[in-house]
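Report on the following structure.
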Amino acid sequence: MDKVERDILVEPGPRPTLKTIAYITGLGVTTVSRALNDAPDIRQATKDRVRLVAKQIGYRPNRAGVRLRTGKTNVISLILSVETEVLGLTAQVVSGLTEYLAGSPYHLIVTPYSRRSDPLEPVRYIVETSSADGIVFSRTEPEDARVRYLHARGFPFASHGRTEMDIVHPYFDFDNAAYARIAVERLRARGRERLALLPPPAHLTFARHMTAGFVEAIERHDLVEIPMHGVTLDSSPEAITAEVGRLMTARRRPDGLVCGSASAAIAAISAAEDAGLIIGRDFDVVVKESFNLMRRFRREIEVVHEDFHAAGLGLAETVVRAIEGAPAESLRFVDVPSS
């Protein structure tokens, strides 16, 4: 680095611009702009050099200018329920999204909403104000109004989860039916015959998938389902503890539990232990998680891994490709767990 570059990096002054990068690198402003936007006709070495200088001097594109020139915001909005942060899972999804987008012109913003409000409202706001180029959202429903709205307007998006609609749309999902089948198989291998499922809320698509896989495996092996009443993964720990406690003190109690989340599993195990039962002897539990922490809580727990960081990476790639015009048929991904 020569003295001119050092002076520009160290001395305070006006906000760096494309002209600043062009002056340092000796390239034209147009070349610098195209390099930052990953133009295919610019050599990779030139792109790397331009991006390094941009990072060193703290260059940030003027979004108002970009929007005026291109009609784009270079923003992707992740719409999140304010109630969904459980054991840091949201942080892992965000980490994957930002990791992928770091190598692109796009930046991530988070748009919060409450499950008690209309989930379509934040989507409608982003589209009507043109405040993002693409949208990512979760908690997908079989007949999802957000999917229908975005598809009708041709607005790029990716959903974390599938629908059961007649619309082909971009998504990244986890195979929850396969998870439930694996869970039942593992409990059966441990000699368990009376199984209970702690499922997601029934209005979400992945609840249907998980329940279908669970029932299919139960019937295939002629096992007994012990139904839970009034609780889901969204229920409070107190509600889950009360229902599992009721089941575990019943005459025909379950000896195997399939849980759709780590937090629900912790509440369920605590309730069973409060009833005097011992995990690994009186009952077993299978849970899907992303952190590999559950066995530190109880080493007897059976774990199926769901990688939320990978989900963030996949969602980012999917929405970027949707923005670039890739057909929706090529933007459907399902992460299948290993048995």
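By order of appearance in the structure tokens: chains A, B, ..., then residues from 1 within every chain, and ligands from 1 in the order shown.
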Practice prompt. Please identify all polymer residues within 12 Å of Arg162 of chain A, counting only C-alpha atoms, omitting same-chain residues fewer than 5 positions from it, and present them as JSON, numbers by chain.
Written response: {"A": [137, 138, 139, 140, 141, 142, 143, 144, 147, 167, 168, 169, 170, 171, 172, 173, 174, 175, 176, 204, 205, 206, 207, 208, 209, 331, 332, 333, 334]}
Export, as an mmCIF file, in the first residue's frame, the selected residues with C-alpha atoms.
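Listing of out_25.cif after writing:
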```
data_model
loop_
_atom_site.group_PDB
_atom_site.id
_atom_site.type_symbol
_atom_site.label_atom_id
_atom_site.label_comp_id
_atom_site.auth_asym_id
_atom_site.auth_seq_id
_atom_site.Cartn_x
_atom_site.Cartn_y
_atom_site.Cartn_z
ATOM 1 C CA PHE A 137 -40.402 -15.593 5.806
ATOM 2 C CA SER A 138 -41.138 -18.656 7.922
ATOM 3 C CA ARG A 139 -44.046 -20.362 9.725
ATOM 4 C CA THR A 140 -45.500 -21.326 6.368
ATOM 5 C CA GLU A 141 -49.094 -22.498 6.218
ATOM 6 C CA PRO A 142 -50.725 -25.007 3.810
ATOM 7 C CA GLU A 143 -52.817 -22.197 2.288
ATOM 8 C CA ASP A 144 -50.520 -19.246 2.863
ATOM 9 C CA VAL A 147 -47.385 -16.837 -0.927
ATOM 10 C CA ILE A 167 -48.626 -22.386 -6.732
ATOM 11 C CA VAL A 168 -45.060 -23.433 -7.523
ATOM 12 C CA HIS A 169 -42.923 -21.174 -5.361
ATOM 13 C CA PRO A 170 -39.359 -20.947 -3.980
ATOM 14 C CA TYR A 171 -38.731 -22.542 -0.586
ATOM 15 C CA PHE A 172 -36.168 -24.187 1.656
ATOM 16 C CA ASP A 173 -37.571 -26.770 4.032
ATOM 17 C CA PHE A 174 -36.649 -29.546 6.453
ATOM 18 C CA ASP A 175 -38.233 -32.966 5.920
ATOM 19 C CA ASN A 176 -40.237 -33.212 9.129
ATOM 20 C CA LEU A 204 -48.501 -24.777 10.076
ATOM 21 C CA THR A 205 -47.509 -26.997 7.152
ATOM 22 C CA PHE A 206 -44.678 -28.720 8.955
ATOM 23 C CA ALA A 207 -47.147 -29.869 11.621
ATOM 24 C CA ARG A 208 -48.974 -31.844 8.951
ATOM 25 C CA HIS A 209 -45.697 -33.319 7.698
ATOM 26 C CA LEU A 331 -35.782 -23.101 -6.315
ATOM 27 C CA ARG A 332 -37.342 -25.813 -4.128
ATOM 28 C CA PHE A 333 -35.022 -27.458 -1.603
ATOM 29 C CA VAL A 334 -35.697 -29.974 1.165
#
```
Discussion item. Which residues are near Arg186 of chain A? Cut-off 9 Å, only C-alpha atoms, ignore same chain within fewer than 6 positions. Put them as a list of chain:residue names.
Written reply: A:Arg192, A:Val286, A:Glu302, A:Ser339
Worksheet item: Would you give me, as a ChimeraX atom specification, the residues in segment 11-211 of chain A that DSSP reads as strand (DSSP E or B)?
Response: /A:75-81,107-113,134-137,157-160,171-174,194-198
Discussion item. DSSP on the backbone: which residues in segment 55-262 of chain A end up as helix (DSSP H, G or I)? Give the answer as a PyMOL selection string.
Written reply: chain A and resi 55-57+63-70+89-101+120-129+145-153+176-189+205-220+237-248+262
Item to complete: Point out the residue among A:Asp284, A:Glu121, A:Glu225, A:Asp307 with the least atom-to-atom distance to Asp335 of chain A, counting only C-alpha atoms.
Response: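 Of A:Asp284, A:Glu121, A:Glu225, A:Asp307, the one nearest Asp335 of chain A is A:Asp307, counting only C-alpha atoms.
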Which residues are close to segment 15-22 of chain A, i.e. within 8 Å by only C-alpha atoms, leaving aside same-chain residues fewer than 4 positions away? Reply as an mmCIF file with N, CA and C atoms, in the first residue's frame.
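Wrote it out as part-v4.cif, contents follow:
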```cif
data_model
loop_
_atom_site.group_PDB
_atom_site.id
_atom_site.type_symbol
_atom_site.label_atom_id
_atom_site.label_comp_id
_atom_site.auth_asym_id
_atom_site.auth_seq_id
_atom_site.Cartn_x
_atom_site.Cartn_y
_atom_site.Cartn_z
ATOM 1 N N GLY A 26 -6.780 2.998 -9.638
ATOM 2 C CA GLY A 26 -6.375 3.361 -10.987
ATOM 3 C C GLY A 26 -7.337 2.865 -12.047
ATOM 4 N N LEU A 27 -8.516 2.441 -11.631
ATOM 5 C CA LEU A 27 -9.524 1.948 -12.568
ATOM 6 C C LEU A 27 -10.557 3.028 -12.852
ATOM 7 N N GLY A 28 -11.350 2.817 -13.877
ATOM 8 C CA GLY A 28 -12.431 3.736 -14.164
ATOM 9 C C GLY A 28 -13.592 3.533 -13.212
ATOM 10 N N VAL A 29 -14.389 4.589 -13.041
ATOM 11 C CA VAL A 29 -15.539 4.499 -12.137
ATOM 12 C C VAL A 29 -16.503 3.409 -12.602
ATOM 13 N N VAL A 32 -15.144 0.032 -11.638
ATOM 14 C CA VAL A 32 -15.306 -0.175 -10.197
ATOM 15 C C VAL A 32 -16.747 -0.563 -9.875
ATOM 16 N N SER A 33 -17.696 0.144 -10.447
ATOM 17 C CA SER A 33 -19.106 -0.139 -10.195
ATOM 18 C C SER A 33 -19.468 -1.546 -10.643
ATOM 19 N N VAL A 50 -10.914 -4.534 -5.979
ATOM 20 C CA VAL A 50 -11.869 -3.450 -5.754
ATOM 21 C C VAL A 50 -12.617 -3.656 -4.431
ATOM 22 N N VAL A 53 -10.336 -2.845 -1.402
ATOM 23 C CA VAL A 53 -10.189 -1.405 -1.180
ATOM 24 C C VAL A 53 -11.473 -0.821 -0.609
ATOM 25 N N ALA A 54 -12.617 -1.245 -1.169
ATOM 26 C CA ALA A 54 -13.913 -0.753 -0.668
ATOM 27 C C ALA A 54 -14.075 -1.066 0.815
ATOM 28 N N ILE A 57 -11.621 1.173 3.044
ATOM 29 C CA ILE A 57 -11.954 2.588 3.213
ATOM 30 C C ILE A 57 -13.366 2.799 3.766
ATOM 31 N N GLY A 58 -14.083 1.688 3.997
ATOM 32 C CA GLY A 58 -15.426 1.800 4.567
ATOM 33 C C GLY A 58 -16.463 2.279 3.578
ATOM 34 N N TYR A 59 -16.291 1.919 2.301
ATOM 35 C CA TYR A 59 -17.250 2.346 1.284
ATOM 36 C C TYR A 59 -18.601 1.653 1.495
ATOM 37 N N ARG A 60 -19.664 2.418 1.402
ATOM 38 C CA ARG A 60 -21.023 1.902 1.407
ATOM 39 C C ARG A 60 -21.786 2.563 0.275
ATOM 40 N N PRO A 61 -22.499 1.759 -0.537
ATOM 41 C CA PRO A 61 -23.245 2.362 -1.647
ATOM 42 C C PRO A 61 -24.349 3.275 -1.137
#
```
Worksheet entry | Distance query Thr111 of chain A at most 7 Å, only C-alpha atoms, self and fewer than 6 positions along chain excluded, as an NGL selection string | :A and (77-80)
Item to complete: Could you check which of A:Ser263, A:Glu289, A:Gly276, A:Ile240 is closest to Pro337 of chain A, using only C-alpha atoms?
Response: A:Glu289
Practice prompt. Record the distance separating atom CA of Arg51 of chain A and atom CA of Leu36 of chain A, expressed in Å with one decimal.
Written response: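 A separation of 6.5 Å between them.
The closest residue to Phe283 of chain A, picked from A:Arg115, A:Arg153, A:Arg194, A:Arg295 and counting only C-alpha atoms, is A:Arg194.
Checking A:Gly245, A:Pro200, A:Gly256, A:Gly134 one by one against Val231 of chain A, counting only C-alpha atoms, you find the shortest gap at A:Pro200.
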Cut-off 10 Å: closest segment 207-235 of chain A/segment 258-261 of chain A atom pairs per residue, using only C-alpha atoms, as a Markdown table:
```
| residue | atom | partner | partner_atom | distance |
| --- | --- | --- | --- | --- |
| A:Ala207 | CA | A:Gly260 | CA | 9.1 |
| A:Met210 | CA | A:Gly260 | CA | 8.2 |
| A:Phe214 | CA | A:Val258 | CA | 8.6 |
| A:Thr232 | CA | A:Gly260 | CA | 8.9 |
| A:Leu233 | CA | A:Gly260 | CA | 6.8 |
| A:Asp234 | CA | A:Ser261 | CA | 9.8 |
```
Fill in: Residues within 7 Å of segment 74-76 of chain A, only C-alpha atoms, excluding chain neighbours under 4 positions, as a list in words
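These residues fall inside the cut-off: Pro105, Tyr106, His107, Leu108, Ile109, Ala132, Asp133, Gly134 and Ile135 of chain A.
Across A:Thr31, A:Thr73, A:Gln92, A:Thr25, the tightest approach to Leu313 of chain A is made by A:Gln92 when counting only C-alpha atoms.
Using only C-alpha atoms, the contacts of Ala35 of chain A at a cut-off of 10 Å, with sequence neighbours closer than 2 positions omitted, comprise A:Val29, A:Thr30, A:Thr31, A:Val32, A:Ser33, A:Asn37, A:Asp38, A:Ala39, A:Pro40, A:Asp41, A:Ile42, A:Arg43, A:Gln44, A:Ala45, A:Thr46, A:Lys47, A:Asp48, A:Arg49, A:Val50, A:Arg51.
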Worksheet item: Which one is closest to Ala311 of chain A: A:Ala177, A:Ala145, A:Ala152, A:His160? Count only C-alpha atoms.
Response: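 Looking only at the distances to Ala311 of chain A, the closest residue turns out to be A:His160.
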Worksheet item: What does the distance from atom CA of His221 of chain A to atom CA of Ala189 of chain A come to in Å, to one decimal?
Response: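 Between these atoms lies a distance of 11.0 Å.
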Discussion item. Report, in Å to a single decimal, how far apart atom CA of Glu243 of chain A and atom CA of Arg296 of chain A are.
Written reply: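 Going from atom CA of Arg296 of chain A over to atom CA of Glu243 of chain A, I get 24.5 Å.
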